[in-house]
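Peer 1: Below is the file run10.pdb, which contains PDB, C-alpha atoms.
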ATOM      1  CA  MET A  25      -2.538  13.303   7.834
ATOM      2  CA  ASP A  26      -2.958  12.520  11.536
ATOM      3  CA  ASN A  27      -5.638  15.192  11.936
ATOM      4  CA  PHE A  28      -7.528  13.896   8.917
ATOM      5  CA  ILE A  29      -7.543  10.354  10.325
ATOM      6  CA  LYS A  30      -8.487  11.565  13.801
ATOM      7  CA  GLU A  31     -11.425  13.535  12.392
ATOM      8  CA  TYR A  32     -12.578  10.519  10.375
ATOM      9  CA  ILE A  33     -12.369   8.263  13.442
ATOM     10  CA  ASN A  34     -14.330  10.771  15.511
ATOM     11  CA  ASN A  35     -17.166  10.580  12.985
ATOM     12  CA  ILE A  36     -17.171   6.864  12.195
ATOM     13  CA  ASP A  37     -20.143   4.751  13.223
ATOM     14  CA  GLU A  38     -21.049   1.075  13.353
ATOM     15  CA  TYR A  39     -23.084   1.298  10.149
ATOM     16  CA  THR A  40     -20.030   2.543   8.215
ATOM     17  CA  ILE A  41     -17.844  -0.208   9.658
ATOM     18  CA  ASN A  42     -20.358  -2.898   8.733
ATOM     19  CA  LYS A  43     -20.845  -1.468   5.244
ATOM     20  CA  TYR A  44     -17.078  -1.363   4.625
ATOM     21  CA  ALA A  45     -16.722  -4.911   5.929
ATOM     22  CA  LYS A  46     -19.402  -6.184   3.548
ATOM     23  CA  ILE A  47     -17.728  -4.468   0.604
ATOM     24  CA  ASN A  48     -14.614  -6.461   1.545
ATOM     25  CA  ASN A  49     -16.491  -9.764   1.911
ATOM     26  CA  ILE A  50     -16.421  -9.706   5.722
ATOM     27  CA  ASN A  51     -19.769 -10.564   7.280
ATOM     28  CA  LEU A  52     -19.605  -9.244  10.819
ATOM     29  CA  THR A  53     -22.144 -10.124  13.467
ATOM     30  CA  ASP A  54     -23.648  -7.233  15.434
ATOM     31  CA  LYS A  55     -21.355  -8.120  18.338
ATOM     32  CA  GLU A  56     -18.277  -8.167  16.095
ATOM     33  CA  THR A  57     -19.248  -4.808  14.613
ATOM     34  CA  LYS A  58     -19.488  -3.305  18.105
ATOM     35  CA  VAL A  59     -16.105  -4.752  19.063
ATOM     36  CA  ILE A  60     -14.431  -3.395  15.915
ATOM     37  CA  TYR A  61     -16.070  -0.015  16.502
ATOM     38  CA  LEU A  62     -14.704   0.158  20.060
ATOM     39  CA  TYR A  63     -11.218  -0.906  19.002
ATOM     40  CA  ILE A  64     -11.147   1.652  16.203
ATOM     41  CA  LYS A  65     -12.340   4.432  18.502
ATOM     42  CA  ASN A  66      -9.995   3.557  21.360
ATOM     43  CA  TYR A  67      -6.898   2.205  19.639
ATOM     44  CA  TRP A  68      -6.712   3.765  16.188
ATOM     45  CA  GLN A  69      -3.350   5.363  16.950
ATOM     46  CA  ILE A  70      -1.817   1.991  17.817
ATOM     47  CA  PHE A  71      -3.168   0.476  14.604
ATOM     48  CA  TYR A  72      -1.954   3.491  12.653
ATOM     49  CA  LYS A  73       1.523   4.062  14.101
ATOM     50  CA  GLY A  74       2.214   1.366  16.670
ATOM     51  CA  ASN A  75       2.359  -2.388  16.911
ATOM     52  CA  PRO A  76      -1.163  -3.812  17.250
ATOM     53  CA  LYS A  77       0.007  -7.388  17.867
ATOM     54  CA  ASP A  78      -1.498  -7.480  21.379
ATOM     55  CA  LEU A  79      -4.723  -5.908  20.133
ATOM     56  CA  PHE A  80      -5.105  -8.556  17.442
ATOM     57  CA  LYS A  81      -4.467 -11.173  20.135
ATOM     58  CA  GLU A  82      -7.353  -9.734  22.172
ATOM     59  CA  LEU A  83      -9.570  -9.694  19.093
ATOM     60  CA  GLU A  84      -8.998 -13.430  18.589
ATOM     61  CA  GLU A  85     -11.309 -13.991  21.556
ATOM     62  CA  GLN A  86     -14.045 -11.706  20.237
ATOM     63  CA  ILE A  87     -14.145 -12.144  16.467
ATOM     64  CA  SER A  88     -14.449 -15.303  14.399
ATOM     65  CA  LYS A  89     -11.182 -16.637  13.012
ATOM     66  CA  GLU A  90     -12.447 -16.244   9.444
ATOM     67  CA  ASN A  91     -13.369 -12.599   9.922
ATOM     68  CA  LEU A  92     -10.226 -11.762  11.864
ATOM     69  CA  ASP A  93      -8.047 -13.322   9.159
ATOM     70  CA  LYS A  94      -9.758 -11.124   6.562
ATOM     71  CA  ILE A  95      -9.395  -8.059   8.772
ATOM     72  CA  LYS A  96      -5.686  -8.737   9.290
ATOM     73  CA  LYS A  97      -5.207  -9.132   5.547
ATOM     74  CA  LEU A  98      -6.921  -5.785   4.902
ATOM     75  CA  TYR A  99      -4.901  -4.155   7.685
ATOM     76  CA  LYS A 100      -1.642  -5.423   6.218
ATOM     77  CA  LYS A 101      -2.614  -4.215   2.734
ATOM     78  CA  TYR A 102      -3.374  -0.677   3.892
ATOM     79  CA  LYS A 103      -0.542  -0.512   6.410
ATOM     80  CA  GLU A 104       1.926  -1.249   3.605
ATOM     81  CA  LYS A 105       0.490   1.638   1.598
ATOM     82  CA  ILE A 106       1.096   4.192   4.351
ATOM     83  CA  THR A 107       4.571   3.110   5.417
TER      84      THR A 107
END
Show how you would write the structure in this file as structure tokens.

Peer 2:
Amino acid sequence: MDNFIKEYINNIDEYTINKYAKINNINLTDKETKVIYLYIKNYWQIFYKGNPKDLFKELEEQISKENLDKIKKLYKKYKEKIT
């Protein structure tokens, strides 16, 4: 499973992130899309297997509260499915 996720992350782009966000009623700005992209690329393992509390804290300064709340809700939903 880890290799599958790693391969997916290696191939993800900002367009895919924005498209997925829109499907989930999250309207990201271009800046927010870039931030999410960088966090996914650099910290996916922490989001996947670690405790991303500090990362979410950092994101509070870079993403609107409304969008971050929706992102956290999605994260929690999918995290529960894999644990």

Peer 1: Measure the distance from CA of Asn35 (chain A) to CA of Asp54 (chain A) in Å and round it to one decimal.

Peer 2: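 Those two atoms sit 19.1 Å apart.
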
Peer 1: Any idea what's packed within 10 Å of Asp37 (chain A), counting only C-alpha atoms, ignoring anything in its chain fewer than 5 positions away? Could you give it as a PyMOL selection string?

Peer 2: chain A and resi 32+42+57-58+61-62+64-65

Peer 1: Keeping C-alpha atoms for every residue in the selection just given, could you write it to a file as a compact mmCIF listing (two decimals), in the frame of the given file?

Peer 2:
# COMPACT_ATOMS: atom_id res chain seq x y z
CA TYR A 32 -12.58 10.52 10.38
CA ASN A 42 -20.36 -2.90 8.73
CA THR A 57 -19.25 -4.81 14.61
CA LYS A 58 -19.49 -3.30 18.10
CA TYR A 61 -16.07 -0.02 16.50
CA LEU A 62 -14.70 0.16 20.06
CA ILE A 64 -11.15 1.65 16.20
CA LYS A 65 -12.34 4.43 18.50

Peer 1: Calculate how many Å separate CA of Met25 (chain A) from CA of Leu52 (chain A), rounding to one decimal.

Peer 2: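 Going from CA of Met25 (chain A) over to CA of Leu52 (chain A) covers 28.4 Å.
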
Peer 1: With distances taken over all atoms listed in the file, which residue among A:Leu79, A:Ile33, A:Lys73, A:Ile87 lies nearest Thr107 (chain A)?

Peer 2: A:Lys73

Peer 1: When you draw a straight line from CA of Leu92 (chain A) to CA of Phe80 (chain A), how long is it in Å?

Peer 2: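 Value for the CA of Leu92 (chain A)-CA of Phe80 (chain A) distance: 8.2 Å.
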
Peer 1: Taking the file above as input, evaluate the PyMOL selection byres ((chain A and resi 95) around 12) and report the hits as a ChimeraX atom specification.

Peer 2: /A:41,44-46,48-52,56-57,60,80,83-84,87-94,96-103

Peer 1: Would you mind telling me which residue in A:Lys81, A:Asp26, A:Ile106, A:Glu38 lies nearest to Val59 (chain A) when using only C-alpha atoms?

Peer 2: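 Counting only C-alpha atoms, the residue closest to Val59 (chain A) is A:Glu38.
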
Peer 1: Have a look at A:Thr53, A:Ile47, A:Phe71, A:Lys105 and name the one nearest to Gln86 (chain A); count all atoms listed in the file.

Peer 2: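 The shortest atom-to-atom distance to Gln86 (chain A) comes from A:Thr53.
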
Peer 1: Region 75-90 of chain A from the block above, all heavy atoms, as a PDB file, in the first residue's frame, please?

Peer 2:
ATOM      1  N   ASN A  75       1.239  11.988  13.012  1.00  0.00           N
ATOM      2  CA  ASN A  75       0.298  12.919  13.622  1.00  0.00           C
ATOM      3  C   ASN A  75       0.498  14.291  12.967  1.00  0.00           C
ATOM      4  O   ASN A  75       1.472  14.980  13.271  1.00  0.00           O
ATOM      5  CB  ASN A  75       0.533  13.003  15.128  1.00  0.00           C
ATOM      6  CG  ASN A  75      -0.452  13.917  15.816  1.00  0.00           C
ATOM      7  OD1 ASN A  75      -1.205  14.645  15.184  1.00  0.00           O
ATOM      8  ND2 ASN A  75      -0.447  13.884  17.126  1.00  0.00           N
ATOM      9  N   PRO A  76      -0.432  14.697  12.104  1.00  0.00           N
ATOM     10  CA  PRO A  76      -0.255  15.945  11.365  1.00  0.00           C
ATOM     11  C   PRO A  76      -0.750  17.191  12.100  1.00  0.00           C
ATOM     12  O   PRO A  76      -0.959  18.234  11.486  1.00  0.00           O
ATOM     13  CB  PRO A  76      -1.084  15.697  10.100  1.00  0.00           C
ATOM     14  CG  PRO A  76      -2.204  14.849  10.581  1.00  0.00           C
ATOM     15  CD  PRO A  76      -1.569  13.938  11.618  1.00  0.00           C
ATOM     16  N   LYS A  77      -0.915  17.096  13.406  1.00  0.00           N
ATOM     17  CA  LYS A  77      -1.445  18.220  14.184  1.00  0.00           C
ATOM     18  C   LYS A  77      -0.649  19.507  13.922  1.00  0.00           C
ATOM     19  O   LYS A  77      -1.237  20.559  13.670  1.00  0.00           O
ATOM     20  CB  LYS A  77      -1.427  17.877  15.678  1.00  0.00           C
ATOM     21  CG  LYS A  77      -1.961  18.966  16.564  1.00  0.00           C
ATOM     22  CD  LYS A  77      -1.898  18.548  18.026  1.00  0.00           C
ATOM     23  CE  LYS A  77      -2.325  19.693  18.921  1.00  0.00           C
ATOM     24  NZ  LYS A  77      -2.195  19.352  20.337  1.00  0.00           N
ATOM     25  N   ASP A  78       0.664  19.434  13.971  1.00  0.00           N
ATOM     26  CA  ASP A  78       1.496  20.621  13.747  1.00  0.00           C
ATOM     27  C   ASP A  78       1.388  21.122  12.303  1.00  0.00           C
ATOM     28  O   ASP A  78       1.437  22.328  12.060  1.00  0.00           O
ATOM     29  CB  ASP A  78       2.959  20.332  14.089  1.00  0.00           C
ATOM     30  CG  ASP A  78       3.179  20.133  15.586  1.00  0.00           C
ATOM     31  OD1 ASP A  78       2.353  20.618  16.380  1.00  0.00           O
ATOM     32  OD2 ASP A  78       4.179  19.495  15.955  1.00  0.00           O
ATOM     33  N   LEU A  79       1.221  20.200  11.375  1.00  0.00           N
ATOM     34  CA  LEU A  79       1.064  20.603   9.974  1.00  0.00           C
ATOM     35  C   LEU A  79      -0.250  21.346   9.771  1.00  0.00           C
ATOM     36  O   LEU A  79      -0.299  22.369   9.078  1.00  0.00           O
ATOM     37  CB  LEU A  79       1.139  19.382   9.056  1.00  0.00           C
ATOM     38  CG  LEU A  79       2.471  18.650   9.041  1.00  0.00           C
ATOM     39  CD1 LEU A  79       2.379  17.390   8.188  1.00  0.00           C
ATOM     40  CD2 LEU A  79       3.583  19.555   8.551  1.00  0.00           C
ATOM     41  N   PHE A  80      -1.317  20.853  10.376  1.00  0.00           N
ATOM     42  CA  PHE A  80      -2.599  21.549  10.278  1.00  0.00           C
ATOM     43  C   PHE A  80      -2.503  22.925  10.925  1.00  0.00           C
ATOM     44  O   PHE A  80      -3.098  23.891  10.448  1.00  0.00           O
ATOM     45  CB  PHE A  80      -3.730  20.730  10.899  1.00  0.00           C
ATOM     46  CG  PHE A  80      -4.257  19.655   9.998  1.00  0.00           C
ATOM     47  CD1 PHE A  80      -4.278  18.333  10.408  1.00  0.00           C
ATOM     48  CD2 PHE A  80      -4.754  19.953   8.737  1.00  0.00           C
ATOM     49  CE1 PHE A  80      -4.777  17.333   9.586  1.00  0.00           C
ATOM     50  CE2 PHE A  80      -5.247  18.967   7.901  1.00  0.00           C
ATOM     51  CZ  PHE A  80      -5.256  17.652   8.323  1.00  0.00           C
ATOM     52  N   LYS A  81      -1.735  23.021  12.002  1.00  0.00           N
ATOM     53  CA  LYS A  81      -1.534  24.317  12.667  1.00  0.00           C
ATOM     54  C   LYS A  81      -0.857  25.295  11.699  1.00  0.00           C
ATOM     55  O   LYS A  81      -1.257  26.453  11.603  1.00  0.00           O
ATOM     56  CB  LYS A  81      -0.702  24.114  13.931  1.00  0.00           C
ATOM     57  CG  LYS A  81      -0.530  25.327  14.766  1.00  0.00           C
ATOM     58  CD  LYS A  81      -1.759  25.551  15.606  1.00  0.00           C
ATOM     59  CE  LYS A  81      -1.488  26.648  16.623  1.00  0.00           C
ATOM     60  NZ  LYS A  81      -2.700  27.240  17.110  1.00  0.00           N
ATOM     61  N   GLU A  82       0.150  24.828  10.994  1.00  0.00           N
ATOM     62  CA  GLU A  82       0.831  25.669   9.995  1.00  0.00           C
ATOM     63  C   GLU A  82      -0.134  26.079   8.885  1.00  0.00           C
ATOM     64  O   GLU A  82      -0.099  27.220   8.417  1.00  0.00           O
ATOM     65  CB  GLU A  82       2.009  24.911   9.376  1.00  0.00           C
ATOM     66  CG  GLU A  82       3.167  24.682  10.296  1.00  0.00           C
ATOM     67  CD  GLU A  82       4.245  23.816   9.658  1.00  0.00           C
ATOM     68  OE1 GLU A  82       4.257  23.650   8.415  1.00  0.00           O
ATOM     69  OE2 GLU A  82       5.092  23.300  10.401  1.00  0.00           O
ATOM     70  N   LEU A  83      -0.976  25.154   8.471  1.00  0.00           N
ATOM     71  CA  LEU A  83      -1.911  25.435   7.383  1.00  0.00           C
ATOM     72  C   LEU A  83      -2.950  26.478   7.767  1.00  0.00           C
ATOM     73  O   LEU A  83      -3.485  27.157   6.888  1.00  0.00           O
ATOM     74  CB  LEU A  83      -2.591  24.140   6.927  1.00  0.00           C
ATOM     75  CG  LEU A  83      -1.694  23.182   6.149  1.00  0.00           C
ATOM     76  CD1 LEU A  83      -2.385  21.838   5.963  1.00  0.00           C
ATOM     77  CD2 LEU A  83      -1.306  23.775   4.812  1.00  0.00           C
ATOM     78  N   GLU A  84      -3.213  26.632   9.063  1.00  0.00           N
ATOM     79  CA  GLU A  84      -4.176  27.644   9.510  1.00  0.00           C
ATOM     80  C   GLU A  84      -3.777  29.041   9.045  1.00  0.00           C
ATOM     81  O   GLU A  84      -4.628  29.895   8.835  1.00  0.00           O
ATOM     82  CB  GLU A  84      -4.291  27.635  11.038  1.00  0.00           C
ATOM     83  CG  GLU A  84      -5.027  26.453  11.591  1.00  0.00           C
ATOM     84  CD  GLU A  84      -5.053  26.428  13.109  1.00  0.00           C
ATOM     85  OE1 GLU A  84      -4.514  27.364  13.756  1.00  0.00           O
ATOM     86  OE2 GLU A  84      -5.604  25.457  13.661  1.00  0.00           O
ATOM     87  N   GLU A  85      -2.482  29.261   8.890  1.00  0.00           N
ATOM     88  CA  GLU A  85      -1.973  30.567   8.481  1.00  0.00           C
ATOM     89  C   GLU A  85      -1.992  30.752   6.964  1.00  0.00           C
ATOM     90  O   GLU A  85      -1.779  31.857   6.476  1.00  0.00           O
ATOM     91  CB  GLU A  85      -0.556  30.752   9.008  1.00  0.00           C
ATOM     92  CG  GLU A  85      -0.464  30.687  10.523  1.00  0.00           C
ATOM     93  CD  GLU A  85       0.962  30.679  11.020  1.00  0.00           C
ATOM     94  OE1 GLU A  85       1.883  31.007  10.245  1.00  0.00           O
ATOM     95  OE2 GLU A  85       1.166  30.344  12.208  1.00  0.00           O
ATOM     96  N   GLN A  86      -2.236  29.673   6.224  1.00  0.00           N
ATOM     97  CA  GLN A  86      -2.096  29.741   4.773  1.00  0.00           C
ATOM     98  C   GLN A  86      -3.360  29.420   3.992  1.00  0.00           C
ATOM     99  O   GLN A  86      -3.430  29.645   2.793  1.00  0.00           O
ATOM    100  CB  GLN A  86      -0.974  28.773   4.340  1.00  0.00           C
ATOM    101  CG  GLN A  86       0.345  29.086   5.018  1.00  0.00           C
ATOM    102  CD  GLN A  86       1.406  28.113   4.614  1.00  0.00           C
ATOM    103  OE1 GLN A  86       1.799  28.092   3.466  1.00  0.00           O
ATOM    104  NE2 GLN A  86       1.858  27.302   5.560  1.00  0.00           N
ATOM    105  N   ILE A  87      -4.350  28.868   4.689  1.00  0.00           N
ATOM    106  CA  ILE A  87      -5.588  28.448   4.032  1.00  0.00           C
ATOM    107  C   ILE A  87      -6.760  29.025   4.819  1.00  0.00           C
ATOM    108  O   ILE A  87      -6.726  29.054   6.045  1.00  0.00           O
ATOM    109  CB  ILE A  87      -5.676  26.906   3.975  1.00  0.00           C
ATOM    110  CG1 ILE A  87      -4.531  26.370   3.124  1.00  0.00           C
ATOM    111  CG2 ILE A  87      -7.010  26.438   3.432  1.00  0.00           C
ATOM    112  CD1 ILE A  87      -4.444  24.894   3.046  1.00  0.00           C
ATOM    113  N   SER A  88      -7.795  29.431   4.100  1.00  0.00           N
ATOM    114  CA  SER A  88      -8.961  30.002   4.784  1.00  0.00           C
ATOM    115  C   SER A  88      -9.529  28.994   5.778  1.00  0.00           C
ATOM    116  O   SER A  88      -9.429  27.780   5.589  1.00  0.00           O
ATOM    117  CB  SER A  88     -10.033  30.395   3.772  1.00  0.00           C
ATOM    118  OG  SER A  88     -10.668  29.247   3.236  1.00  0.00           O
ATOM    119  N   LYS A  89     -10.118  29.518   6.841  1.00  0.00           N
ATOM    120  CA  LYS A  89     -10.692  28.662   7.879  1.00  0.00           C
ATOM    121  C   LYS A  89     -11.740  27.731   7.289  1.00  0.00           C
ATOM    122  O   LYS A  89     -11.774  26.536   7.599  1.00  0.00           O
ATOM    123  CB  LYS A  89     -11.300  29.514   8.989  1.00  0.00           C
ATOM    124  CG  LYS A  89     -11.913  28.679  10.107  1.00  0.00           C
ATOM    125  CD  LYS A  89     -12.436  29.518  11.222  1.00  0.00           C
ATOM    126  CE  LYS A  89     -13.087  28.772  12.342  1.00  0.00           C
ATOM    127  NZ  LYS A  89     -13.280  27.362  12.279  1.00  0.00           N
ATOM    128  N   GLU A  90     -12.586  28.266   6.421  1.00  0.00           N
ATOM    129  CA  GLU A  90     -13.645  27.458   5.801  1.00  0.00           C
ATOM    130  C   GLU A  90     -13.056  26.277   5.020  1.00  0.00           C
ATOM    131  O   GLU A  90     -13.490  25.138   5.181  1.00  0.00           O
ATOM    132  CB  GLU A  90     -14.495  28.317   4.871  1.00  0.00           C
ATOM    133  CG  GLU A  90     -15.569  27.547   4.153  1.00  0.00           C
ATOM    134  CD  GLU A  90     -16.352  28.406   3.160  1.00  0.00           C
ATOM    135  OE1 GLU A  90     -16.104  29.618   3.049  1.00  0.00           O
ATOM    136  OE2 GLU A  90     -17.226  27.830   2.499  1.00  0.00           O
TER     137      GLU A  90
END
